[in-house]
Amino acid sequence: MDLHAPYPALADLHRAAKRRIPHFVWEYLDSATGLEASKARNRTKLDEVLMMPSVLHGEITPDLSVGLLGHTLPLPFGIAPLGMSGLIWPNAEPILASNAAALGIPYTLSTVATRTPEDIAPSLGQHGWFQFYPPRDEGIRRDMLERAKASGFHTLVLTVDVPVASRRERQIRGGLRQPPKITPRLLAQIALCPAWAIGIALLGMPRMRTLDKYIDQVKDAGEERSSTAHIGYLLRTSPDWEYVHWLRDNWDGKLILKGVLDVRDVAKTEAAGIDALWLSNHAGRQFDAAPAPIEVLPTIRAATKLPLIMDSGIEGGLDILRAYALGADFVMLGRAWHYALGALGEQGPAHLADILTSDLRANMGQLGLTHLRDAPQTIIPPPR
């Protein structure tokens, strides 16, 4: 079956996934915080980036490969972390890791995933990244780093834009709690999604398994709480620059800061020995007055030679091109891969990758581009 006929774009995967995922899980995946203005801003600001078509270049064969952190990657995008992936679709983390390995792109496992680093190790390719929600306790901190390294994750991603639990009002209204508790209301939603229900039944109720080892160190660890203030918040702290320096001293792989938007943080980042900056507003899930990463990207690009990774709001190959045109070195997508899983199960990630690469090639042809490094030449007007 040609999946491009019924699902030619991410929007089609989005619609199909909404039908196949229980409503309370959908609200967890799709929601942002507040009035969701920041989520909407991501889309608006991407659409404002105009690029000049270019003609009479003859036949073009676009080269989608990029260099990042000492590696040449065949595609300019990867898989961002998303907590509780295995709740969104059964077995999500191994499926995504295996697809990333097959594509040769980075896969980022969340600290609050439903699978442990050890679980993912057999599925992990050469580009395993571990997203680190910073534990307060130094012993837990060291143990998590050792587990990630031993499981084959060579790049550490410290998320810095979650100092406290955000509200995510849609998510709260949806009724998801941590640990998940199935009420009659949620059971009725599950009954409408048999593929999801069967998969979850076979694998067991998802939980944050990486943290299982440390639960006995947390008072009231078994207490029910909102999904926006899960057990991970009881273990972790809000990091500061001293914490960043500690990580740099104790992690011998690449270290990335995720959640940077302020150009004033760049100099301190460089001084701390960070290997790359990840520009993100957490897809609108943390702070509703945050700017879109795409609008601060040119300023931060001008301020540093560090590699810049960007996420938030990316919906297709054209958006990826826009990010590269304004100075990104790599682009990550999070929700998109889970829409693909919800729509098509195990077939979803490969189809999404095909959508993105097809869209990239088509739009690079319109711009007369053979290489992504030439994308900045296509911007109109020049970024302010």
# chains A, B, ... in the order shown; residues from 1 in each chain; ligands from 1
$ residues_around --residues "stretch 18-33 of chain A" --least-positions-apart "5" --cutoff "10 Å" --atoms "only C-alpha atoms" --output "PyMOL selection string"
chain A and resi 13+38-40+82-85+87-89+166-177+185-197+227-228+282-289+334-336+338-339+341-345
$ residues_around --residues "A:Ala100" --least-positions-apart "6" --cutoff "10 Å" --atoms "only C-alpha atoms" --output "NGL selection string"
:A and (78-79 or 94 or 106-108 or 123-128 or 349-350 or 353)
$ atom_distance --atom1 "atom CA of A:Pro81" --atom2 "atom CA of A:Ala302"
27.0 Å
$ closest_atom_pairs --of "stretch 150-180 of chain A" --to "stretch 115-119 of chain A" --cutoff "9 Å" --atoms "only C-alpha atoms" --output "Markdown table"
| residue | atom | partner | partner_atom | distance |
| --- | --- | --- | --- | --- |
| A:Ala150 | CA | A:Glu118 | CA | 8.1 |
| A:Ser151 | CA | A:Glu118 | CA | 5.4 |
| A:Gly152 | CA | A:Pro117 | CA | 8.3 |
| A:Phe153 | CA | A:Pro117 | CA | 8.0 |
$ atom_distance --atom1 "atom CA of A:Val260" --atom2 "atom CA of A:Ala328"
13.3 Å
$ residues_around --residues "A:Val244" --least-positions-apart "4" --cutoff "10 Å" --atoms "only C-alpha atoms" --output "PyMOL selection string"
chain A and resi 134+158+160+239-240+248-250+255+257+269+272-274
$ write_last_selection --atoms "all heavy atoms" --output "CSV table (one decimal), in the first residue's frame"
chain,number,residue,atom,x,y,z
A,134,PRO,N,17.6,16.7,35.6
A,134,PRO,CA,18.7,16.7,36.5
A,134,PRO,C,18.3,16.2,37.9
A,134,PRO,O,17.6,16.9,38.7
A,134,PRO,CB,19.2,18.2,36.6
A,134,PRO,CG,18.0,19.0,36.2
A,134,PRO,CD,17.3,18.1,35.2
A,158,LEU,N,21.0,18.0,28.5
A,158,LEU,CA,20.5,18.5,29.8
A,158,LEU,C,19.4,19.5,29.4
A,158,LEU,O,19.6,20.5,28.8
A,158,LEU,CB,21.6,19.2,30.6
A,158,LEU,CG,21.1,19.9,31.8
A,158,LEU,CD1,20.6,19.0,32.9
A,158,LEU,CD2,22.2,20.8,32.4
A,160,VAL,N,17.0,22.3,30.4
A,160,VAL,CA,17.1,23.4,31.3
A,160,VAL,C,15.9,24.3,31.4
A,160,VAL,O,15.9,25.3,32.2
A,160,VAL,CB,18.4,24.3,31.0
A,160,VAL,CG1,19.6,23.5,31.1
A,160,VAL,CG2,18.3,24.9,29.6
A,239,PRO,N,18.4,23.1,37.7
A,239,PRO,CA,19.9,23.2,37.6
A,239,PRO,C,20.3,24.7,37.6
A,239,PRO,O,19.5,25.5,37.2
A,239,PRO,CB,20.2,22.5,36.4
A,239,PRO,CG,19.0,22.6,35.5
A,239,PRO,CD,17.8,22.5,36.5
A,240,ASP,N,21.5,24.9,38.0
A,240,ASP,CA,22.2,26.2,37.8
A,240,ASP,C,23.5,26.0,37.1
A,240,ASP,O,23.8,24.9,36.6
A,240,ASP,CB,22.4,26.9,39.2
A,240,ASP,CG,23.2,26.0,40.2
A,240,ASP,OD1,23.8,25.1,39.7
A,240,ASP,OD2,23.1,26.3,41.4
A,248,ARG,N,29.7,18.8,33.1
A,248,ARG,CA,30.8,18.8,32.1
A,248,ARG,C,32.0,18.0,32.7
A,248,ARG,O,32.7,17.4,31.9
A,248,ARG,CB,31.2,20.2,31.8
A,248,ARG,CG,32.3,20.5,30.8
A,248,ARG,CD,31.9,20.0,29.4
A,248,ARG,NE,31.9,18.5,29.2
A,248,ARG,CZ,31.5,17.9,28.1
A,248,ARG,NH1,31.0,18.6,27.1
A,248,ARG,NH2,31.5,16.6,28.1
A,249,ASP,N,32.3,18.1,34.0
A,249,ASP,CA,33.4,17.5,34.6
A,249,ASP,C,33.2,16.0,34.7
A,249,ASP,O,34.2,15.2,34.8
A,249,ASP,CB,33.7,18.1,36.0
A,249,ASP,CG,34.2,19.5,35.9
A,249,ASP,OD1,34.7,19.9,34.9
A,249,ASP,OD2,34.1,20.2,37.0
A,250,ASN,N,31.9,15.5,34.7
A,250,ASN,CA,31.6,14.1,35.0
A,250,ASN,C,31.0,13.3,33.9
A,250,ASN,O,30.7,12.2,34.0
A,250,ASN,CB,30.7,14.0,36.2
A,250,ASN,CG,31.4,14.4,37.5
A,250,ASN,OD1,32.0,13.6,38.2
A,250,ASN,ND2,31.3,15.7,37.9
A,255,LEU,N,28.0,17.1,25.3
A,255,LEU,CA,27.0,17.6,26.2
A,255,LEU,C,26.2,18.8,25.6
A,255,LEU,O,26.9,19.7,25.1
A,255,LEU,CB,27.7,18.1,27.5
A,255,LEU,CG,26.8,18.8,28.6
A,255,LEU,CD1,25.7,17.8,29.1
A,255,LEU,CD2,27.7,19.2,29.8
A,257,LEU,N,22.9,21.6,25.9
A,257,LEU,CA,21.9,22.3,26.7
A,257,LEU,C,20.6,22.4,25.9
A,257,LEU,O,20.7,23.1,24.8
A,257,LEU,CB,22.4,23.6,27.2
A,257,LEU,CG,23.5,23.7,28.2
A,257,LEU,CD1,23.6,25.1,28.8
A,257,LEU,CD2,23.3,22.6,29.3
A,269,THR,N,27.5,29.6,28.3
A,269,THR,CA,27.4,28.2,27.8
A,269,THR,C,28.8,27.9,27.1
A,269,THR,O,29.3,26.8,27.4
A,269,THR,CB,26.3,28.2,26.7
A,269,THR,OG1,25.1,28.5,27.3
A,269,THR,CG2,26.3,26.8,26.0
A,272,ALA,N,31.4,27.1,29.7
A,272,ALA,CA,31.1,25.9,30.5
A,272,ALA,C,31.6,24.7,29.6
A,272,ALA,O,31.5,23.5,30.1
A,272,ALA,CB,29.7,25.8,30.8
A,273,GLY,N,32.0,24.9,28.4
A,273,GLY,CA,32.5,23.8,27.6
A,273,GLY,C,31.3,22.9,27.0
A,273,GLY,O,31.5,21.7,26.7
A,274,ILE,N,30.2,23.5,26.8
A,274,ILE,CA,29.1,22.8,26.2
A,274,ILE,C,29.4,22.6,24.7
A,274,ILE,O,29.9,23.5,24.0
A,274,ILE,CB,27.8,23.7,26.3
A,274,ILE,CG1,27.5,23.9,27.8
A,274,ILE,CG2,26.6,23.0,25.6
A,274,ILE,CD1,27.4,22.6,28.6
$ select_by_dssp --residues "stretch 282-333 of chain A" --states "strand (DSSP E)" --output "PyMOL selection string"
chain A and resi 308-310+330-333
$ residues_around --residues "stretch 310-326 of chain A" --least-positions-apart "6" --cutoff "6 Å" --atoms "only C-alpha atoms" --output "ChimeraX atom specification"
/A:42-43,278-280,283,298,332-333,356,359-360,375-376
$ write_last_selection --atoms "N, CA, C and O atoms" --output "compact mmCIF listing (two decimals), in the first residue's frame"
# COMPACT_ATOMS: atom_id res chain seq x y z
N ASN A 42 4.82 29.30 17.48
CA ASN A 42 5.80 28.51 16.75
C ASN A 42 5.41 28.38 15.28
O ASN A 42 6.25 28.54 14.38
N ARG A 43 4.12 28.10 15.03
CA ARG A 43 3.64 27.95 13.66
C ARG A 43 3.65 29.29 12.92
O ARG A 43 4.09 29.39 11.76
N TRP A 278 20.60 23.69 22.14
CA TRP A 278 19.33 23.22 21.56
C TRP A 278 18.29 24.28 21.85
O TRP A 278 17.84 24.46 22.98
N LEU A 279 17.91 25.03 20.82
CA LEU A 279 16.92 26.08 20.95
C LEU A 279 15.52 25.46 20.95
O LEU A 279 15.14 24.76 20.01
N SER A 280 14.76 25.72 22.02
CA SER A 280 13.46 25.08 22.17
C SER A 280 12.62 25.86 23.16
O SER A 280 13.14 26.38 24.15
N ALA A 283 8.03 23.11 22.78
CA ALA A 283 6.83 23.02 21.94
C ALA A 283 5.63 23.71 22.57
O ALA A 283 4.47 23.33 22.35
N PRO A 298 18.28 33.57 14.54
CA PRO A 298 19.30 34.40 13.88
C PRO A 298 20.20 35.15 14.86
O PRO A 298 21.42 35.26 14.64
N MET A 332 15.17 18.94 15.25
CA MET A 332 14.56 17.82 15.95
C MET A 332 13.04 17.94 15.93
O MET A 332 12.48 19.03 15.97
N LEU A 333 12.38 16.79 15.88
CA LEU A 333 10.94 16.71 15.98
C LEU A 333 10.59 15.73 17.09
O LEU A 333 11.25 14.70 17.24
N LEU A 356 9.11 13.73 5.24
CA LEU A 356 10.04 14.83 5.48
C LEU A 356 11.11 14.91 4.39
O LEU A 356 11.43 16.01 3.90
N ASP A 359 9.54 16.07 1.07
CA ASP A 359 9.23 17.49 1.13
C ASP A 359 10.50 18.34 1.07
O ASP A 359 10.53 19.39 0.41
N LEU A 360 11.54 17.88 1.74
CA LEU A 360 12.82 18.59 1.67
C LEU A 360 13.33 18.66 0.24
O LEU A 360 13.72 19.73 -0.25
N ALA A 375 21.26 27.24 2.20
CA ALA A 375 19.91 27.73 2.47
C ALA A 375 19.85 29.19 2.92
O ALA A 375 18.90 29.90 2.56
N PRO A 376 20.83 29.70 3.71
CA PRO A 376 20.73 31.11 4.13
C PRO A 376 20.64 32.10 2.97
O PRO A 376 20.11 33.21 3.15
$ atom_distance --atom1 "atom CA of A:Lys254" --atom2 "atom CA of A:Ala276"
8.2 Å
$ residues_around --residues "stretch 46-60 of chain A" --least-positions-apart "3" --cutoff "6 Å" --atoms "only C-alpha atoms" --output "list in words"
Arg43, Gln366, Leu367, Gly368, Thr378, Ile379 and Ile380 of chain A
$ select_by_dssp --residues "stretch 332-383 of chain A" --states "alpha helix (DSSP H)" --output "ChimeraX atom specification"
/A:335-344,348-367
$ closest_residue --among "A:Leu10, A:Ala5, A:Ile200, A:Ala113" --to "A:Trp337" --atoms "only C-alpha atoms"
A:Leu10
$ closest_residue --among "A:Leu261, A:Ile140, A:Leu277, A:Leu372" --to "A:Tyr214" --atoms "only C-alpha atoms"
A:Ile140
$ residues_around --residues "stretch 61-70 of chain A" --least-positions-apart "3" --cutoff "10 Å" --atoms "only C-alpha atoms" --output "ChimeraX atom specification"
/A:58,73-77,155,254-255,275-276,306-309,329-330,357,360-365,368-373
$ closest_residue --among "A:Arg209, A:Arg136, A:Lys258, A:His71" --to "A:Leu156" --atoms "only C-alpha atoms"
A:Lys258
